[in-house]
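**Student:** Dropping the structure in here first, questions after.
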Amino acid sequence: MAQPAFISTERLMGELTQLISMRGSPGQPDALAEAAEAVAALMRAHQLDVTIVPTAGAPLVVGRIGGRVPFTLLLYHHYDTAPPGPWRAWNHEPFQLAEREGVLYGRGVAAGKGPLVAHLAALAALLEAEGELPCGVVVVAEGEALAGSQHLGAAIADAYGLLKADACLATGGERDAADQPFCYTGAKGLLQLRLRASGANQALPPGLATSVPNPLWQLIWALGQIKSEQEEILIEGFYDAVEGPSSDENKAMRQLHMDEAGRLSAWALPHFLFELGGASLVRTEATLPTCNVTDLVVEPASDLPLIPVAASARLDFQLVPRQHPQVIADMLREHLDAKGLADIAIERLPGSYPGVHTPFEHQFIQRVHDAATALYGGPLALLPQGPFAQPLYFFAEALRVPVVVLGCARADCAANAPNEHIALADLVRHGQLLVELLAACAQDASVHESSA
């Protein structure tokens, strides 16, 4: 009889130490290429057949290994990380794994590299205990997730034969008030744009504001036509394709309990927008699209009071299924034109994709439930999407597979801030959940084969 598969924390921390030391953020092609090689070497050490798929950006790393039954699960990960920011704000070296009282610190431990290593540790535990995996696994790690996965769709087309799978599992999101990870049956899509207003061919004195247009004011007025003070997106037709949650989804969202107090404390906020809470907060985050301003740039940058030459703003939209990025970009152009703002230029930035959703009743969702019940003593709380975008549409569309995203981090993990951290126990359980899920997939596949 096979021995139970238990994840080695010593091995997990050793491998995570290797990956954390590999830098790689958007705009660092050489560092990302080195990180891809490190990920590939780690996959090979876990007996995976590895292919590095070159792209016009960061390489895509694909590792594949068979199992006892033909069913194959694709694991989506990314190895790019957010920039560390000011090093003086860190209590530990950002690219050196540190452990204190059971908590791991380092850039990528909570978002990206930590979950990837946890899943590889799960495969190692199964191989050591059973000599083979219950079912096949494909591990995919990209290096452009934080930049919008610009080249992922083309890479999937190039490597289609390597990626063939029956379901897709990713990591993202948070935990509920009972400290159990959320199970998201989809992910939002992404659209990134830059709006630009231009003025004179040189910076001018501020006293000319009575007779010379100021591009920054023009940009501010344009932004005011896109979103209201009530957080409503004003683009004509923007919400037309948005579908409300099903009755099962509404029921699930009413029953789950988000860790609202923990979030507010971690983020130093007095309350959520409009003092949302309970089911209203959950529905808002899980089912509504967003429009966010991420930066404002004035040209030229100066400490003097001047009328600038140009001003630009970066927008990112997180879209729900049935909203297509190009359609939304076209709607915005028509909307600004109708408001007399045709002079505002719109540039669609690289990296965008639609959202994706798997119905709650899909058989793969039941398998995840079974696996969670074995590990946590009960099924995980289901959400149709979460407050994040992931490029799972490319896999769902190309491979025709269901998708699920499992939470791992907590609200206070600081994934994009100094002192990113995660509890070692959380990573171990994230990997252990994969152990249970692979067993559930294999068992279900065996039942179907025997009854065929």
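The chains in the structure tokens are called A, B, ... from first to last as shown; in each chain the residues are counted from 1, and the ligands are counted from 1 in the order shown.
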Find the residues near region 136-140 of chain A: any atom within 6 Å, counting only C-alpha atoms, skip ones fewer than 3 places away on the same chain, and give them as number ranges by chain.

**Tutor:** A: 61-67, 71-77

**Student:** With 9 Å as the cut-off and only C-alpha atoms counted, what is the closest atom pair between each nearby residue of region 171-194 of chain A and region 302-325 of chain A? Distances in Å to one decimal, ordered by chain and number, as CSV.

**Tutor:**
residue,atom,partner,partner_atom,distance
A:Gly186,CA,A:Pro321,CA,8.9
A:Ala187,CA,A:Val320,CA,7.8
A:Lys188,CA,A:Val320,CA,5.1
A:Gly189,CA,A:Leu319,CA,4.6
A:Leu190,CA,A:Gln318,CA,4.8
A:Leu191,CA,A:Phe317,CA,5.0
A:Gln192,CA,A:Asp316,CA,4.5
A:Leu193,CA,A:Leu315,CA,5.2
A:Arg194,CA,A:Arg314,CA,4.4

**Student:** The selected residues should be written to file as a compact mmCIF listing (two decimals), in the first residue's frame (atoms: N, CA and C atoms).

**Tutor:**
# COMPACT_ATOMS: atom_id res chain seq x y z
N GLY A 186 -13.40 31.18 -12.15
CA GLY A 186 -13.09 32.00 -13.31
C GLY A 186 -12.17 33.13 -12.91
N ALA A 187 -11.87 33.99 -13.86
CA ALA A 187 -11.00 35.14 -13.61
C ALA A 187 -11.41 36.27 -14.55
N LYS A 188 -11.23 37.49 -14.10
CA LYS A 188 -11.56 38.64 -14.92
C LYS A 188 -10.53 38.84 -16.03
N GLY A 189 -10.97 39.54 -17.07
CA GLY A 189 -10.09 39.89 -18.17
C GLY A 189 -9.43 41.23 -17.94
N LEU A 190 -8.62 41.66 -18.91
CA LEU A 190 -7.80 42.86 -18.73
C LEU A 190 -7.76 43.68 -20.02
N LEU A 191 -7.84 44.99 -19.85
CA LEU A 191 -7.63 45.94 -20.94
C LEU A 191 -6.81 47.09 -20.38
N GLN A 192 -5.69 47.42 -21.04
CA GLN A 192 -4.82 48.50 -20.59
C GLN A 192 -4.73 49.57 -21.68
N LEU A 193 -4.96 50.82 -21.29
CA LEU A 193 -4.97 51.93 -22.23
C LEU A 193 -4.17 53.10 -21.68
N ARG A 194 -3.72 53.96 -22.58
CA ARG A 194 -3.13 55.23 -22.16
C ARG A 194 -3.86 56.35 -22.89

**Student:** Per residue of region 99-212 of chain A within 12 Å of region 78-93 of chain A, what are the shortest atom pair and its distance in Å to one decimal, counting only C-alpha atoms, with rows by chain and residue number, as CSV?

**Tutor:**
residue,atom,partner,partner_atom,distance
A:Glu99,CA,A:His92,CA,9.5
A:Arg100,CA,A:His92,CA,10.4
A:Leu104,CA,A:His92,CA,10.3
A:Tyr105,CA,A:His92,CA,7.2
A:Gly106,CA,A:Glu93,CA,7.2
A:Arg107,CA,A:Pro84,CA,6.7
A:Gly108,CA,A:Thr81,CA,5.7
A:Val109,CA,A:Thr81,CA,9.5
A:Ala110,CA,A:Thr81,CA,10.0
A:Ala111,CA,A:Thr81,CA,7.5
A:Gly112,CA,A:His78,CA,5.2
A:Lys113,CA,A:Tyr79,CA,5.7
A:Gly114,CA,A:Tyr79,CA,9.5
A:Pro115,CA,A:His78,CA,9.3
A:Leu116,CA,A:His78,CA,7.7
A:Val117,CA,A:Tyr79,CA,10.3
A:Val139,CA,A:His78,CA,10.2
A:Val140,CA,A:His78,CA,7.8
A:Ala141,CA,A:His78,CA,4.6
A:Glu142,CA,A:His78,CA,4.6
A:Gly143,CA,A:Asp80,CA,4.8
A:Glu144,CA,A:Asp80,CA,6.4
A:Ala145,CA,A:His78,CA,6.2
A:Leu146,CA,A:Asp80,CA,7.0
A:Ala147,CA,A:Asp80,CA,9.1
A:Gly148,CA,A:Asp80,CA,11.4
A:Ser149,CA,A:His78,CA,9.8
A:Leu152,CA,A:His78,CA,11.2
A:Ala170,CA,A:His78,CA,9.8
A:Thr171,CA,A:His78,CA,9.7
A:Gly172,CA,A:His78,CA,11.1

**Student:** Using DSSP on the backbone coordinates, identify the residues of region 284-409 of chain A assigned to helix (DSSP H, G or I); present them as a compact mmCIF listing (two decimals) with N, CA and C atoms, in the first residue's frame.

**Tutor:**
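Heads up, here's the output in part18.txt:
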# COMPACT_ATOMS: atom_id res chain seq x y z
N THR A 284 -20.03 42.74 -5.39
CA THR A 284 -19.38 43.84 -6.10
C THR A 284 -18.02 43.42 -6.63
N GLU A 285 -17.21 42.79 -5.79
CA GLU A 285 -15.87 42.40 -6.21
C GLU A 285 -15.89 41.25 -7.21
N ALA A 286 -16.84 40.34 -7.05
CA ALA A 286 -16.82 39.11 -7.85
C ALA A 286 -17.50 39.24 -9.20
N THR A 287 -18.42 40.19 -9.35
CA THR A 287 -19.24 40.19 -10.56
C THR A 287 -19.19 41.48 -11.36
N PRO A 325 -12.08 43.11 -24.78
CA PRO A 325 -11.22 44.30 -24.67
C PRO A 325 -11.33 45.28 -25.83
N GLN A 326 -11.29 44.79 -27.08
CA GLN A 326 -11.33 45.71 -28.21
C GLN A 326 -12.67 46.43 -28.29
N VAL A 327 -13.74 45.74 -27.96
CA VAL A 327 -15.06 46.37 -27.97
C VAL A 327 -15.11 47.50 -26.95
N ILE A 328 -14.55 47.27 -25.76
CA ILE A 328 -14.55 48.30 -24.74
C ILE A 328 -13.69 49.48 -25.17
N ALA A 329 -12.54 49.22 -25.79
CA ALA A 329 -11.69 50.31 -26.28
C ALA A 329 -12.42 51.14 -27.33
N ASP A 330 -13.15 50.48 -28.22
CA ASP A 330 -13.92 51.20 -29.25
C ASP A 330 -15.04 52.01 -28.61
N MET A 331 -15.69 51.44 -27.59
CA MET A 331 -16.74 52.18 -26.88
C MET A 331 -16.19 53.46 -26.25
N LEU A 332 -15.01 53.36 -25.65
CA LEU A 332 -14.41 54.53 -25.02
C LEU A 332 -14.10 55.61 -26.05
N ARG A 333 -13.59 55.21 -27.23
CA ARG A 333 -13.32 56.20 -28.28
C ARG A 333 -14.60 56.93 -28.69
N GLU A 334 -15.65 56.17 -28.92
CA GLU A 334 -16.93 56.77 -29.32
C GLU A 334 -17.48 57.65 -28.21
N HIS A 335 -17.31 57.23 -26.97
CA HIS A 335 -17.82 58.00 -25.83
C HIS A 335 -17.12 59.35 -25.71
N LEU A 336 -15.80 59.36 -25.81
CA LEU A 336 -15.07 60.62 -25.70
C LEU A 336 -15.37 61.54 -26.89
N ASP A 337 -15.51 60.95 -28.08
CA ASP A 337 -15.86 61.76 -29.24
C ASP A 337 -17.21 62.43 -29.04
N ALA A 338 -18.17 61.68 -28.50
CA ALA A 338 -19.51 62.22 -28.28
C ALA A 338 -19.51 63.33 -27.23
N GLN A 363 -18.23 19.39 -13.55
CA GLN A 363 -17.70 18.24 -12.82
C GLN A 363 -16.34 18.54 -12.17
N PHE A 364 -15.52 19.36 -12.84
CA PHE A 364 -14.21 19.68 -12.27
C PHE A 364 -14.34 20.46 -10.97
N ILE A 365 -15.37 21.30 -10.89
CA ILE A 365 -15.61 22.04 -9.64
C ILE A 365 -15.93 21.06 -8.52
N GLN A 366 -16.66 20.01 -8.83
CA GLN A 366 -16.98 18.98 -7.83
C GLN A 366 -15.70 18.27 -7.38
N ARG A 367 -14.79 18.05 -8.30
CA ARG A 367 -13.53 17.42 -7.92
C ARG A 367 -12.75 18.30 -6.94
N VAL A 368 -12.75 19.60 -7.19
CA VAL A 368 -12.08 20.51 -6.27
C VAL A 368 -12.77 20.47 -4.91
N HIS A 369 -14.08 20.40 -4.92
CA HIS A 369 -14.83 20.27 -3.67
C HIS A 369 -14.42 19.03 -2.90
N ASP A 370 -14.32 17.92 -3.62
CA ASP A 370 -13.94 16.66 -2.98
C ASP A 370 -12.55 16.75 -2.36
N ALA A 371 -11.64 17.36 -3.10
CA ALA A 371 -10.26 17.49 -2.60
C ALA A 371 -10.22 18.39 -1.37
N ALA A 372 -10.95 19.49 -1.41
CA ALA A 372 -10.97 20.41 -0.26
C ALA A 372 -11.60 19.77 0.95
N THR A 373 -12.63 18.97 0.73
CA THR A 373 -13.29 18.30 1.85
C THR A 373 -12.33 17.35 2.55
N ALA A 374 -11.51 16.66 1.77
CA ALA A 374 -10.54 15.74 2.36
C ALA A 374 -9.50 16.47 3.19
N LEU A 375 -9.14 17.68 2.76
CA LEU A 375 -8.07 18.42 3.46
C LEU A 375 -8.61 19.34 4.55
N TYR A 376 -9.70 20.03 4.27
CA TYR A 376 -10.22 21.05 5.19
C TYR A 376 -11.44 20.59 5.98
N LEU A 392 -6.42 33.30 -18.00
CA LEU A 392 -6.87 31.91 -18.14
C LEU A 392 -7.76 31.72 -19.36
N TYR A 393 -8.27 32.82 -19.91
CA TYR A 393 -9.07 32.74 -21.13
C TYR A 393 -8.30 32.02 -22.24
N PHE A 394 -6.99 32.30 -22.34
CA PHE A 394 -6.20 31.70 -23.43
C PHE A 394 -6.22 30.17 -23.35
N PHE A 395 -6.13 29.62 -22.13
CA PHE A 395 -6.15 28.17 -21.96
C PHE A 395 -7.56 27.62 -22.18
N ALA A 396 -8.56 28.30 -21.62
CA ALA A 396 -9.94 27.83 -21.76
C ALA A 396 -10.36 27.82 -23.23
N GLU A 397 -9.94 28.85 -23.98
CA GLU A 397 -10.34 28.97 -25.37
C GLU A 397 -9.59 27.98 -26.26
N ALA A 398 -8.28 27.87 -26.06
CA ALA A 398 -7.48 27.00 -26.93
C ALA A 398 -7.68 25.53 -26.63
N LEU A 399 -7.78 25.19 -25.34
CA LEU A 399 -7.85 23.78 -24.95
C LEU A 399 -9.28 23.31 -24.65

**Student:** For the atom pair CA of Ala178 (chain A) and CA of Gly278 (chain A), what is the interatomic distance in Å to one decimal place?

**Tutor:**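 Between CA of Ala178 (chain A) and CA of Gly278 (chain A) the gap is 14.4 Å.
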
**Student:** Taking 4 positions as the minimum chain separation for residues in the same chain, which residues sit within 10 Å of Arg68 (chain A) when counting only C-alpha atoms? Answer as an MDAnalysis selection string.

**Tutor:** chainID A and resid 132:136 442 446

**Student:** Any chance you can output those residues with all heavy atoms as a PDB file, in the first residue's frame?

**Tutor:**
ATOM      1  N   GLU A 132       4.841   7.419  -8.965  1.00  0.00           N
ATOM      2  CA  GLU A 132       4.252   8.052 -10.136  1.00  0.00           C
ATOM      3  C   GLU A 132       3.117   8.959  -9.676  1.00  0.00           C
ATOM      4  O   GLU A 132       2.660   8.867  -8.524  1.00  0.00           O
ATOM      5  CB  GLU A 132       3.722   7.008 -11.123  1.00  0.00           C
ATOM      6  CG  GLU A 132       2.621   6.140 -10.559  1.00  0.00           C
ATOM      7  CD  GLU A 132       2.101   5.124 -11.567  1.00  0.00           C
ATOM      8  OE1 GLU A 132       2.313   5.316 -12.780  1.00  0.00           O
ATOM      9  OE2 GLU A 132       1.474   4.131 -11.144  1.00  0.00           O
ATOM     10  N   LEU A 133       2.636   9.811 -10.567  1.00  0.00           N
ATOM     11  CA  LEU A 133       1.522  10.697 -10.229  1.00  0.00           C
ATOM     12  C   LEU A 133       0.201   9.990 -10.489  1.00  0.00           C
ATOM     13  O   LEU A 133       0.100   9.138 -11.373  1.00  0.00           O
ATOM     14  CB  LEU A 133       1.594  11.982 -11.044  1.00  0.00           C
ATOM     15  CG  LEU A 133       2.823  12.876 -10.838  1.00  0.00           C
ATOM     16  CD1 LEU A 133       2.687  14.149 -11.667  1.00  0.00           C
ATOM     17  CD2 LEU A 133       3.019  13.208  -9.369  1.00  0.00           C
ATOM     18  N   PRO A 134      -0.846  10.353  -9.738  1.00  0.00           N
ATOM     19  CA  PRO A 134      -2.155   9.749  -9.989  1.00  0.00           C
ATOM     20  C   PRO A 134      -2.672  10.045 -11.398  1.00  0.00           C
ATOM     21  O   PRO A 134      -3.325   9.216 -12.013  1.00  0.00           O
ATOM     22  CB  PRO A 134      -3.050  10.396  -8.924  1.00  0.00           C
ATOM     23  CG  PRO A 134      -2.109  10.889  -7.868  1.00  0.00           C
ATOM     24  CD  PRO A 134      -0.856  11.259  -8.588  1.00  0.00           C
ATOM     25  N   CYS A 135      -2.389  11.253 -11.899  1.00  0.00           N
ATOM     26  CA  CYS A 135      -2.802  11.631 -13.250  1.00  0.00           C
ATOM     27  C   CYS A 135      -1.739  12.557 -13.823  1.00  0.00           C
ATOM     28  O   CYS A 135      -0.790  12.949 -13.136  1.00  0.00           O
ATOM     29  CB  CYS A 135      -4.178  12.295 -13.248  1.00  0.00           C
ATOM     30  SG  CYS A 135      -4.284  13.784 -12.250  1.00  0.00           S
ATOM     31  N   GLY A 136      -1.878  12.893 -15.078  1.00  0.00           N
ATOM     32  CA  GLY A 136      -0.889  13.732 -15.721  1.00  0.00           C
ATOM     33  C   GLY A 136      -0.956  15.179 -15.243  1.00  0.00           C
ATOM     34  O   GLY A 136      -1.998  15.664 -14.799  1.00  0.00           O
ATOM     35  N   ALA A 442      -7.871  11.543 -10.516  1.00  0.00           N
ATOM     36  CA  ALA A 442      -7.533  10.196 -10.967  1.00  0.00           C
ATOM     37  C   ALA A 442      -8.627   9.205 -10.615  1.00  0.00           C
ATOM     38  O   ALA A 442      -8.982   8.332 -11.417  1.00  0.00           O
ATOM     39  CB  ALA A 442      -6.205   9.763 -10.345  1.00  0.00           C
ATOM     40  N   SER A 446     -10.800   7.086 -13.263  1.00  0.00           N
ATOM     41  CA  SER A 446     -10.800   5.618 -13.225  1.00  0.00           C
ATOM     42  C   SER A 446     -12.211   5.072 -13.205  1.00  0.00           C
ATOM     43  O   SER A 446     -12.512   4.073 -13.852  1.00  0.00           O
ATOM     44  CB  SER A 446     -10.025   5.145 -11.991  1.00  0.00           C
ATOM     45  OG  SER A 446      -8.670   5.530 -12.055  1.00  0.00           O
TER      46      SER A 446
END

**Student:** Report the distance between CA of Gly27 (chain A) and CA of Cys408 (chain A) in Å, rounded to one decimal place.

**Tutor:**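 Rounded to one decimal, the two atoms are 26.7 Å apart.
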
**Student:** Can you pull out every residue within 10 Å of Gly131 (chain A), counting only C-alpha atoms, but drop anything in the same chain fewer than 4 positions away, and send it as a list in words?

**Tutor:**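 The residues that qualify are Ala2, Gly67, Ala124, Ala125, Leu126 and Leu127 of chain A.
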
**Student:** What does the file look like for those residues with all heavy atoms, as a PDB file, in the first residue's frame?

**Tutor:**
ATOM      1  N   ALA A   2       0.547   2.221  -0.854  1.00  0.00           N
ATOM      2  CA  ALA A   2       1.358   3.420  -0.989  1.00  0.00           C
ATOM      3  C   ALA A   2       1.334   4.236   0.294  1.00  0.00           C
ATOM      4  O   ALA A   2       0.319   4.301   0.992  1.00  0.00           O
ATOM      5  CB  ALA A   2       0.847   4.263  -2.156  1.00  0.00           C
ATOM      6  N   GLY A  67       0.800  10.336 -15.767  1.00  0.00           N
ATOM      7  CA  GLY A  67       0.327   9.704 -14.546  1.00  0.00           C
ATOM      8  C   GLY A  67      -0.341   8.374 -14.822  1.00  0.00           C
ATOM      9  O   GLY A  67      -0.318   7.875 -15.947  1.00  0.00           O
ATOM     10  N   ALA A 124       6.604  16.378  -6.038  1.00  0.00           N
ATOM     11  CA  ALA A 124       7.718  15.620  -5.470  1.00  0.00           C
ATOM     12  C   ALA A 124       7.238  14.668  -4.385  1.00  0.00           C
ATOM     13  O   ALA A 124       7.693  13.518  -4.297  1.00  0.00           O
ATOM     14  CB  ALA A 124       8.765  16.575  -4.910  1.00  0.00           C
ATOM     15  N   ALA A 125       6.307  15.131  -3.547  1.00  0.00           N
ATOM     16  CA  ALA A 125       5.790  14.286  -2.472  1.00  0.00           C
ATOM     17  C   ALA A 125       5.054  13.070  -3.029  1.00  0.00           C
ATOM     18  O   ALA A 125       5.198  11.950  -2.532  1.00  0.00           O
ATOM     19  CB  ALA A 125       4.862  15.110  -1.570  1.00  0.00           C
ATOM     20  N   LEU A 126       4.278  13.274  -4.081  1.00  0.00           N
ATOM     21  CA  LEU A 126       3.550  12.164  -4.694  1.00  0.00           C
ATOM     22  C   LEU A 126       4.498  11.178  -5.364  1.00  0.00           C
ATOM     23  O   LEU A 126       4.333   9.955  -5.232  1.00  0.00           O
ATOM     24  CB  LEU A 126       2.557  12.712  -5.723  1.00  0.00           C
ATOM     25  CG  LEU A 126       1.240  13.268  -5.159  1.00  0.00           C
ATOM     26  CD1 LEU A 126       0.514  14.098  -6.205  1.00  0.00           C
ATOM     27  CD2 LEU A 126       0.350  12.135  -4.661  1.00  0.00           C
ATOM     28  N   LEU A 127       5.479  11.684  -6.069  1.00  0.00           N
ATOM     29  CA  LEU A 127       6.433  10.796  -6.735  1.00  0.00           C
ATOM     30  C   LEU A 127       7.229   9.980  -5.721  1.00  0.00           C
ATOM     31  O   LEU A 127       7.503   8.793  -5.936  1.00  0.00           O
ATOM     32  CB  LEU A 127       7.380  11.619  -7.611  1.00  0.00           C
ATOM     33  CG  LEU A 127       6.758  12.231  -8.876  1.00  0.00           C
ATOM     34  CD1 LEU A 127       7.710  13.225  -9.521  1.00  0.00           C
ATOM     35  CD2 LEU A 127       6.370  11.139  -9.867  1.00  0.00           C
TER      36      LEU A 127
END

**Student:** Kindly indicate which residue among A:Ala222, A:Ala209, A:Ala58, A:Ala342 lies nearest to Pro26 (chain A), using only C-alpha atoms for the distances.

**Tutor:**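 Looking at the shortest contact to Pro26 (chain A), the residue is A:Ala58.
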
**Student:** Pick from A:Leu19, A:Leu427, A:Gly102, A:Ile344: nearest to Ala40 (chain A), with only C-alpha atoms counted?

**Tutor:** A:Leu19

**Student:** Quick one: residues within 8 Å of Glu249 (chain A), only C-alpha atoms counted, chain neighbours fewer than 5 positions away excluded, as a PDB file with N, CA and C atoms, in the first residue's frame?

**Tutor:**
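Produced file part.pdb, reproduced below:
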ATOM      1  N   PHE A 360     -20.675  26.675 -11.861  1.00  0.00           N
ATOM      2  CA  PHE A 360     -20.503  25.993 -10.586  1.00  0.00           C
ATOM      3  C   PHE A 360     -20.773  24.497 -10.699  1.00  0.00           C
ATOM      4  N   LEU A 382     -17.291  29.130  -2.910  1.00  0.00           N
ATOM      5  CA  LEU A 382     -17.185  29.361  -4.350  1.00  0.00           C
ATOM      6  C   LEU A 382     -17.505  30.809  -4.704  1.00  0.00           C
ATOM      7  N   LEU A 383     -16.741  31.356  -5.650  1.00  0.00           N
ATOM      8  CA  LEU A 383     -17.003  32.671  -6.229  1.00  0.00           C
ATOM      9  C   LEU A 383     -16.846  32.564  -7.739  1.00  0.00           C
ATOM     10  N   PRO A 384     -17.689  33.275  -8.516  1.00  0.00           N
ATOM     11  CA  PRO A 384     -17.574  33.186  -9.977  1.00  0.00           C
ATOM     12  C   PRO A 384     -16.280  33.806 -10.506  1.00  0.00           C
TER      13      PRO A 384
END

**Student:** Which residues of region 387-442 of chain A come within 10 Å of region 262-270 of chain A, and for each one, what is the closest pair of atoms and their distance in Å to one decimal, counting only C-alpha atoms, sorted by chain and residue number, as a tab-separated table?

**Tutor:**
residue	atom	partner	partner_atom	distance
A:Arg410	CA	A:Arg263	CA	8.5
A:Ala411	CA	A:Arg263	CA	5.4
A:Asp412	CA	A:Ala266	CA	5.0
A:Cys413	CA	A:Ala266	CA	8.6
A:Ala414	CA	A:Ala266	CA	8.9

**Student:** With only C-alpha atoms as the atoms that count, which of A:Val401, A:Ala5, A:Ala415, A:Ala122 lies nearest to Ala165 (chain A)?

**Tutor:**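 Among the listed residues, A:Val401 lies closest to Ala165 (chain A).
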
**Student:** May I have the residues within 12 Å of Phe274 (chain A) as an mmCIF file with N, CA, C and O atoms, in the first residue's frame, using only C-alpha atoms and disregarding those fewer than 2 positions away in the same chain?

**Tutor:**
data_model
loop_
_atom_site.group_PDB
_atom_site.id
_atom_site.type_symbol
_atom_site.label_atom_id
_atom_site.label_comp_id
_atom_site.auth_asym_id
_atom_site.auth_seq_id
_atom_site.Cartn_x
_atom_site.Cartn_y
_atom_site.Cartn_z
ATOM 1 N N GLU A 229 -18.395 60.087 -9.551
ATOM 2 C CA GLU A 229 -18.051 60.057 -8.132
ATOM 3 C C GLU A 229 -18.703 58.880 -7.423
ATOM 4 O O GLU A 229 -18.277 58.489 -6.337
ATOM 5 N N GLN A 230 -19.723 58.327 -8.018
ATOM 6 C CA GLN A 230 -20.391 57.147 -7.456
ATOM 7 C C GLN A 230 -19.776 55.850 -7.975
ATOM 8 O O GLN A 230 -20.365 54.778 -7.829
ATOM 9 N N GLU A 231 -18.585 55.948 -8.569
ATOM 10 C CA GLU A 231 -17.834 54.797 -9.072
ATOM 11 C C GLU A 231 -18.531 54.093 -10.240
ATOM 12 O O GLU A 231 -18.229 52.949 -10.560
ATOM 13 N N PRO A 270 -10.456 52.804 6.776
ATOM 14 C CA PRO A 270 -11.554 52.840 7.747
ATOM 15 C C PRO A 270 -12.761 52.012 7.315
ATOM 16 O O PRO A 270 -13.494 51.479 8.141
ATOM 17 N N HIS A 271 -12.975 51.927 5.999
ATOM 18 C CA HIS A 271 -14.117 51.169 5.472
ATOM 19 C C HIS A 271 -13.936 50.990 3.974
ATOM 20 O O HIS A 271 -13.065 51.607 3.346
ATOM 21 N N PHE A 272 -14.751 50.123 3.379
ATOM 22 C CA PHE A 272 -14.766 49.946 1.931
ATOM 23 C C PHE A 272 -15.600 51.053 1.294
ATOM 24 O O PHE A 272 -16.317 51.785 1.987
ATOM 25 N N LEU A 276 -19.508 49.335 1.966
ATOM 26 C CA LEU A 276 -19.965 48.005 1.558
ATOM 27 C C LEU A 276 -19.528 46.955 2.567
ATOM 28 O O LEU A 276 -18.472 47.075 3.202
ATOM 29 N N GLY A 277 -20.317 45.918 2.677
ATOM 30 C CA GLY A 277 -19.981 44.812 3.548
ATOM 31 C C GLY A 277 -20.864 43.620 3.242
ATOM 32 O O GLY A 277 -21.852 43.718 2.502
ATOM 33 N N SER A 280 -23.051 42.209 -0.243
ATOM 34 C CA SER A 280 -22.921 43.296 -1.221
ATOM 35 C C SER A 280 -21.465 43.508 -1.613
ATOM 36 O O SER A 280 -21.154 43.725 -2.793
ATOM 37 N N LEU A 281 -20.578 43.435 -0.653
ATOM 38 C CA LEU A 281 -19.151 43.568 -0.940
ATOM 39 C C LEU A 281 -18.667 42.411 -1.807
ATOM 40 O O LEU A 281 -17.936 42.605 -2.786
ATOM 41 N N THR A 284 -20.026 42.737 -5.392
ATOM 42 C CA THR A 284 -19.379 43.840 -6.104
ATOM 43 C C THR A 284 -18.022 43.421 -6.633
ATOM 44 O O THR A 284 -17.694 43.651 -7.801
#

**Student:** Could you please determine the separation between CA of Pro418 (chain A) and CA of Pro94 (chain A) in Å, to one decimal place?

**Tutor:** 7.9 Å

**Student:** Please provide as a PyMOL selection string all residues within 10 Å of Gln150 (chain A), with the sequence filter that same-chain residues fewer than 5 positions apart are discarded (counting only C-alpha atoms).

**Tutor:** chain A and resi 55-58+144-145+155+349-353+391

**Student:** My list of candidates is A:Asn416, A:Thr185, A:Ser25, A:Gln180. Which is closest to Gln390 (chain A) when distances are computed with only C-alpha atoms?

**Tutor:**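 Of the candidates, the smallest distance to Gln390 (chain A) is held by A:Thr185.
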
**Student:** Find, counting only C-alpha atoms, the residue in A:Ala36, A:Ala409, A:Leu97, A:Leu380 that gets nearest to Gln18 (chain A).

**Tutor:**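 Answer, going by the shortest atom-to-atom distance: A:Leu97.
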